[in-house]
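**Q** Structure provided below as structure tokens; questions to follow.
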Number of protein chains: 2
Amino acid sequence: MSNKNLRIVPLGGLGEIGKNMMAYEYGDNIMIVDTGIMFPENDMLGIDYIIPDFNYLMDKLDIVRGVVITHGHEDHTGAIRHVMDKINAPVFATELTRGLLEVKLARANMIDQVDLNTVQAGDTVNIGPFQVELFHVCHSIPDSVGLGITSPAGLVVHTGDYKFDHTPVDNWPTDYAKLGELAGRGVLALLADSTNADKPGWTPSERVIDPAFDQVFSEAPGRIIIASFASLISRMQQVANAAERHGRKVAFAGMSMVENAKMARQLGYLEVPDDLVVDINQALNMKPDQIVLMSTGTQGEPTSVMGRLSTGTNRHFDVIEGDTIVLSSHPIPGNEEAVYRTINRLFRRGANVIYEPIAPVHVSGHASQEEMKLMLHLIKPQYFIPIHGELRHLRQHAQMARDSGIPTENVAVIENGQVVEFDDGEMKLGDRVPGGYVFVDGASVGDIGPSVVREREALARDGIVVISLVVDHNTGRLREEPEIITRGFVYKHDADDLLALASKRITDTISRGNGNLEDDIQQTAKAVFYNETKRRPMVFVTINRV
Amino acid sequence: MSNKNLRIVPLGGLGEIGKNMMAYEYGDNIMIVDTGIMFPENDMLGIDYIIPDFNYLMDKLDIVRGVVITHGHEDHTGAIRHVMDKINAPVFATELTRGLLEVKLARANMIDQVDLNTVQAGDTVNIGPFQVELFHVCHSIPDSVGLGITSPAGLVVHTGDYKFDHTPVDNWPTDYAKLGELAGRGVLALLADSTNADKPGWTPSERVIDPAFDQVFSEAPGRIIIASFASLISRMQQVANAAERHGRKVAFAGMSMVENAKMARQLGYLEVPDDLVVDINQALNMKPDQIVLMSTGTQGEPTSVMGRLSTGTNRHFDVIEGDTIVLSSHPIPGNEEAVYRTINRLFRRGANVIYEPIAPVHVSGHASQEEMKLMLHLIKPQYFIPIHGELRHLRQHAQMARDSGIPTENVAVIENGQVVEFDDGEMKLGDRVPGGYVFVDGASVGDIGPSVVREREALARDGIVVISLVVDHNTGRLREEPEIITRGFVYKHDADDLLALASKRITDTISRGNGNLEDDIQQTAKAVFYNETKRRPMVFVTINRV
């Protein structure tokens, strides 16, 4: 490996490539882009969240020159405490992103040990040998940036999450001029967001939500409750604007929604007149047709405001007949079942629920195919590396790049941990470094791996049986009746016969008593349970010889 | 309850209302429509499948006069063995549906004890006081029917699953004339499929898949592997037709695909010349660009052909570079994650994977909004009851009915177990009967309820710890070191310190020895584990006093 190579390293993550964390390396210098988390899949039982496996950096911590965060979403910021726990380097982020990082670091009691620096679109930041030019991009959170990264090896453009919205809510479109200017200098490589690579056409503008909200507001007979992501500041703005147009007051429900709204108003990213906002308690005492509540809980999370409303367990307030509930969101893949279950429950409680595709109350924050092609043509890169997507998305994006005229051999579809090197203007695949993911469960980071999760799966499939025996070590006979405890295997009140049968067979096995008693009893018990139920619980046998 | 009422009873199911089983009751007579199963949701751990809770029928078994099955899909047929195990009444089904029922009953060794009767669209069957006219409907399986049910209380139309396909693959459109004729007689109530009630427009014809297949076939450099449902006979026909057009042979892979293709060919529902079909082993020895394989496994099931191909564990053959794999299907809600994971893995193994929305290789078998409105206008019912959908779909369908001119009070949105009665031409809500669902797990039907599933959830969340102690009953002291077994809690090789600490604390607790020892040790162990890991495994303590 030459020291004059630019090395691009997509660090680990779950499924999506380069989404949560990437490293740019030149000589003895590393720059990190983003520090995000992912949420576990349905079969990753009991896992709280997932962080990138950045083991690759562990013996290079002293050459990390800086960390750049492109925008304030969880999948780009959520692992900041884990990364900055190891790394001593300045962090650069735009004002709103910095505000969201501060909230996270404060919760981890790390605010004093991290060197946070506010930058803005248009700024250039020097991080070791990297000259990083930040340019504004539209996304579903304000103050998002892409990066023009100049190193001695050439200019690389890293889009971050983006879309080309001509009429964004904050009136700040993606910076076409800067993209053109970068292209004019000659771009060695483009790394671009692939999230919606299988969506034809052009992602609608955030603005299309306004008329949909107007219709909801003009038809709602009572309260309006709008659920969205706490980080979707522009949606808060749209709700506030609609409320003002229709003579309603706005209240925010749920800690993260309240905190983010407060911070965004302080920083000027959410413009809401003071008299438009009321406290949630005040709102609940007003006439139903005079208020709109904003809350979290769009993903069917049982403990969110919306989840609790759907089961009648919310502390502050309940759904009442005549409520109109708007889910201004899409289900994240894997959450569909929980989301639709929540919607059905809200209907059952008397609300009218409005969601996509019933009305266009949400749009994606990511570019669709035509925008991706536009990005390719605006930047005219020599090499192209699709990022921010599952393999299936990267393949589609790569195909678009080839269709747009980039030679096949100049397009690299890579996976997490696959290093790409630029050596004297030539792209080649480098070594593979750790590129997996790390489970976070409770206080533990990384000590739970797939083997523990597989054990959880086995426990969950057919439950467990614990058999506890006391055997006389002289006679080899049972001193007491076998004690049999089950969980998740049978409904106890119906299982007396089954457990009596198991007990009898175990007793017989002991009285025959040859070979390994533990194993024999386990086999006996498993056989009884399988024959009688066709299920295979995990069986634990403890024998005390006394 | 008057004996002259017509009672309509949507028997249990999961989420969707009236989808899997319904009862029509008049006087001392019951007719059952469909006997389907549902698949468990992601958090119903370890459950094999789910059947309707038909407890309502248990003290009325002798007045069940007949069972009608509308079509051959699992969610309308899969519980036939469970229902016919209790009921002694004739079953009526069209030829293909009957063929699929026979396969199921044969597997359960029940073929001799069930009175199966073949009927066809256009027939009228008398079942007690019910005169049932079967009319053809298009759906994603051939030989589907809807029902015109005449009882002394009036004429009810039950659509079953349907769409209005003007160019179906079998050239047999939904029977508009019969619908018009029924309408002419005056329809008391319409019960109609609501599955796609949130989909605007008109569901595309099955025929749109042909050009998509043509493009795939003309571009594929090597083998083509098409995955679909084993019951999607019309898709088999389309694949065979495309193969013939492009000079390839067809082979079927997987038992259910092979069995259903054989049966459908015998009955004439799948028209494939003998020389077009080759055995799978023969196909694997042919040149890759001369064959197309059809298999199951569209839902990311790990043990299906497609699931095994994606992990390189298929017995017969592997994915090879140049394979083109087509998923001619949609993910069933809840399966998205597993489906996309399978697609990514297939890409990783070198296949090109084509799926919706990359190309229109699948269409829905259910009516969309404009078709639903057409059905409402064709039938002109006095009353309307949306069925076959989650509550959110029924609400949308009900709104369409009101928009189409049916008075609000004549539309009933009901849930499983809610009886609807027609008394002298007036609709009213009747009593509520059991309308839940029954878990089938292994050999057990219904003895596993939500409480056992909740135990499985708890087991899966943080795993388990089994602590086994031998205590001297005279001194109250430990006779041996505590034995501690864990599963799904910690990675054993890293947990020595934790388990040593737990062992020490337990020993201390015993030496203090007051109160309930079991409880004390459990509390002690839980406290250690929570403090050290912030996780809460289930803890079992067995104490043998000797």
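Chain identifiers are assigned as A, B, and so on, following the order in which chains appear in the structure tokens; residues are numbered from 1 within each chain, and ligands are numbered from 1 in order of appearance.
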Which neighbours of Ile332 in chain A fall inside 12 Å, counting only C-alpha atoms, when residues of the same chain fewer than 3 positions from it are skipped, and could you give them as a PyMOL selection string?
**A** (chain A and resi 38-42+195+229+298-301+329+335-340+364) or (chain B and resi 334+336-337)
**Q** Using DSSP secondary structure from the backbone, list all strand (DSSP E) positions within range 385-460 of chain A, as a PyMOL selection string.
**A** chain A and resi 385-387+418-423+426-432+437-441+444-445
**Q** Using only C-alpha atoms and a distance of at most 8 Å, pull out the residues of chain B that contact chain A, as an MDAnalysis selection string.
**A** chainID B and resid 41:42 45:47 198:199 333:337 343:344 347:348 357:358 390:392 441:444 447:449 451:457 459:463 468 470 487:491 494 532:535 542 544 546
**Q** Rounded to one decimal, what separation in Å do you get between CA of Ile510 in chain A and CA of Asp497 in chain A?
**A**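 It comes out at 20.0 Å.
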**Q** If we count only C-alpha atoms, what is near Val258 in chain B at a cut-off of 12 Å, once residues fewer than 4 positions away on the same chain are taken out, given as a list in words?
**A** Phe229, Ala230, Ser231, Ile233, Met236, Val250, Ala251, Phe252, Ala253, Gly254, Lys262, Met263, Ala264, Arg265, Val277, Val278, Asp279, Ile280, Leu293, Met294, Ser295 and Thr296 of chain B
